[in-house]
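Report on the structure given below.
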Amino acid sequence: MIEFRQVTKRYDSDHTALAQVNFSLNRGELAFLTGHSGAGKSTLLKLIMVMERPSAGEVVVGGQLLNRLPRRQIPYIRRHIGVVFQNHQLLFDRTVFDNVAMPLEVMGASPRDIGRRVRAALDKVGLLNKEKMNPMQLSGGEQQRVGIARAVVNKPPVLLADEPTGNLDPELSADIMNLFTRFSQVGVTVLIATHDIGLVNEMDRRTLTLDHGRLIAGGSSPLQGAAGGVSGH
Ligand SMILES: Nc1ncnc2c1ncn2[C@@H]1O[C@H](COP(=O)(O)OP(=O)(O)OP(=O)(O)O)[C@@H](O)[C@H]1O
């Protein structure tokens with residue numbers, strides 16, 4: 001579902017944010033992405049979202065090579081990728097329902113469809129009874145769950161999360177992780193960038209570890225069948 005082949009990203013000539021990264025994640029796989037600050041985690045997620053393009057190598061999502069994807073097709077690809085952020089980026093002048101409905105409105109879905117799908121998403125995260133509330137009235141954990149409902153409302157095959165439990169206590173973090181696990185069980189490919197090593201250890205899942213832009217653990221090379229040690233084509 002997600003494949004990186006020898007991916008290098010340079011923001012400027014003397015600074016390499018990602019170096020020859022190889023890995024692939026299957027449909028329904030849940031994996032963590034860890035590494036020190038500045039290791040390249042956000043850069044890797046941005047390449048999947050086509051917010052950045054690789055300097056070398058290939059990024060493939062859902063069988064589609066993203067490198068030379070025409071600009072006009074980027075919104076179409078993004079619809080297939082749900083994203084959850086640490087600060088959940090909710091709008092506080094709209095209800096919970098309207099926040100979750102946003103991606104469907106952008107796609108031009110009918111009001112009836114929007115109602116059905118927003119309620120299905122809120123039900124999945126256990127917030128069906130809070131649809132009329134303002135996100136400001138909710139706890140931090142509930143706000144994060146609204147962000148997750150919005151990320152999955154159009155049933156994307158890929159779900160990316162950038163520090164989704166950053167502000168939450170361990171119990172709430174475990175709730176959020178259970179949600180991600182359930183999405184992966186129904187076939188969603190989930191990649192979670194986090195600094196929270198305690199959480200990663202507790203979950204005991206595949207973990208991609210970046211160190212100064214190099215993938216030092218958890219990777220696999222579709223070309224070589226082994227991690228690391230690959231020097232160019
Ligand atoms: N737009 C940009 N222009 C120039 N350099 C950048 C840009 N974005 C990131 N970088 C650099 O690329 C490297 C990797 O950054 P990135 O944000 O991917 O790391 P990270 O692992 O997500 O860090 P953090 O955990 O602190 O968010 C860093 O050295 C960073 O300064």
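In the structure tokens, chains take the letters A, B, ... in the order shown, each chain's residues start at 1, and ligands count up from 1 in the order shown.
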>> Going by DSSP on the backbone, which residues of region 5-122 of chain A come out as strand (DSSP E or B)? List them as a ChimeraX atom specification.
In response: /A:5-12,15-25,30-35,56-61,64-65,81-85
>> Taking only C-alpha atoms and all ligand atoms into account, list the residues no farther than 12 Å from ligand 1, as a ChimeraX atom specification.
In response: /A:8-19,33-47,51-53,85-86,161-163,166,192-196,208-215
>> Could you check the closest approach to Gln143 (chain A) for each of A:Pro164, A:Gly115, A:Gly187, A:Pro156 and tell me which residue wins, using only C-alpha atoms?
In response: A:Pro164
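Coordinates place CA of Ala149 (chain A) at a distance of 15.7 Å from CA of Val106 (chain A).
Closest approach to Glu3 (chain A) from the set A:Val61, A:Ile216, A:Leu30, A:Met49 is made by A:Val61, with distances taken over only C-alpha atoms.
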>> Using DSSP secondary structure from the backbone, list all helix (DSSP H, G or I) positions within region 140-198 of chain A, as a ChimeraX atom specification.
In response: /A:140-152,170-185,197-198
>> Which residues are near Ile148 (chain A)? Cut-off 7 Å, only C-alpha atoms, ignore same chain within fewer than 4 positions. Put them as a list in words.
In response: Val84, Gln144 and Val152 of chain A
> Hey, what's within 6 Å of region 122-133 of chain A if we count only C-alpha atoms and toss same-chain stuff fewer than 5 positions away? As a PyMOL selection string, please?
Replying inline: chain A and resi 95-97+145+149
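Between Glu29 (chain A) and the residues A:Val200, A:Met177, A:Ile77, A:Leu159, the shortest atom-to-atom distance, using only C-alpha atoms, involves A:Leu159.
Closest approach to Asn67 (chain A) among A:Val153, A:Ile197, A:Met107, A:Val7 is made by A:Val7 (distances from only C-alpha atoms).
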>> Taking 6 positions as the minimum chain separation for residues in the same chain, which residues sit within 12 Å of Asp169 (chain A) when counting only C-alpha atoms? Answer as a ChimeraX atom specification.
In response: /A:139-141,175-176,196,198-199
Can I get the selection written as a PDB file, in the first residue's frame, with C-alpha atoms?
ATOM      1  CA  SER A 139     -11.683  17.057  26.696  1.00  0.00           C
ATOM      2  CA  GLY A 140      -8.288  16.732  24.975  1.00  0.00           C
ATOM      3  CA  GLY A 141      -8.835  13.023  24.344  1.00  0.00           C
ATOM      4  CA  ASP A 175      -7.681   4.463  23.814  1.00  0.00           C
ATOM      5  CA  ILE A 176      -6.414   6.249  20.714  1.00  0.00           C
ATOM      6  CA  ASP A 196       6.566   8.080  22.751  1.00  0.00           C
ATOM      7  CA  GLY A 198       6.799   3.739  26.078  1.00  0.00           C
ATOM      8  CA  LEU A 199       3.784   3.513  23.811  1.00  0.00           C
TER       9      LEU A 199
END
>> Measuring between only C-alpha atoms, which one of A:Gly218, A:Arg27, A:Leu104, A:Ser110 shows the shortest distance to Val186 (chain A)?
In response: A:Arg27
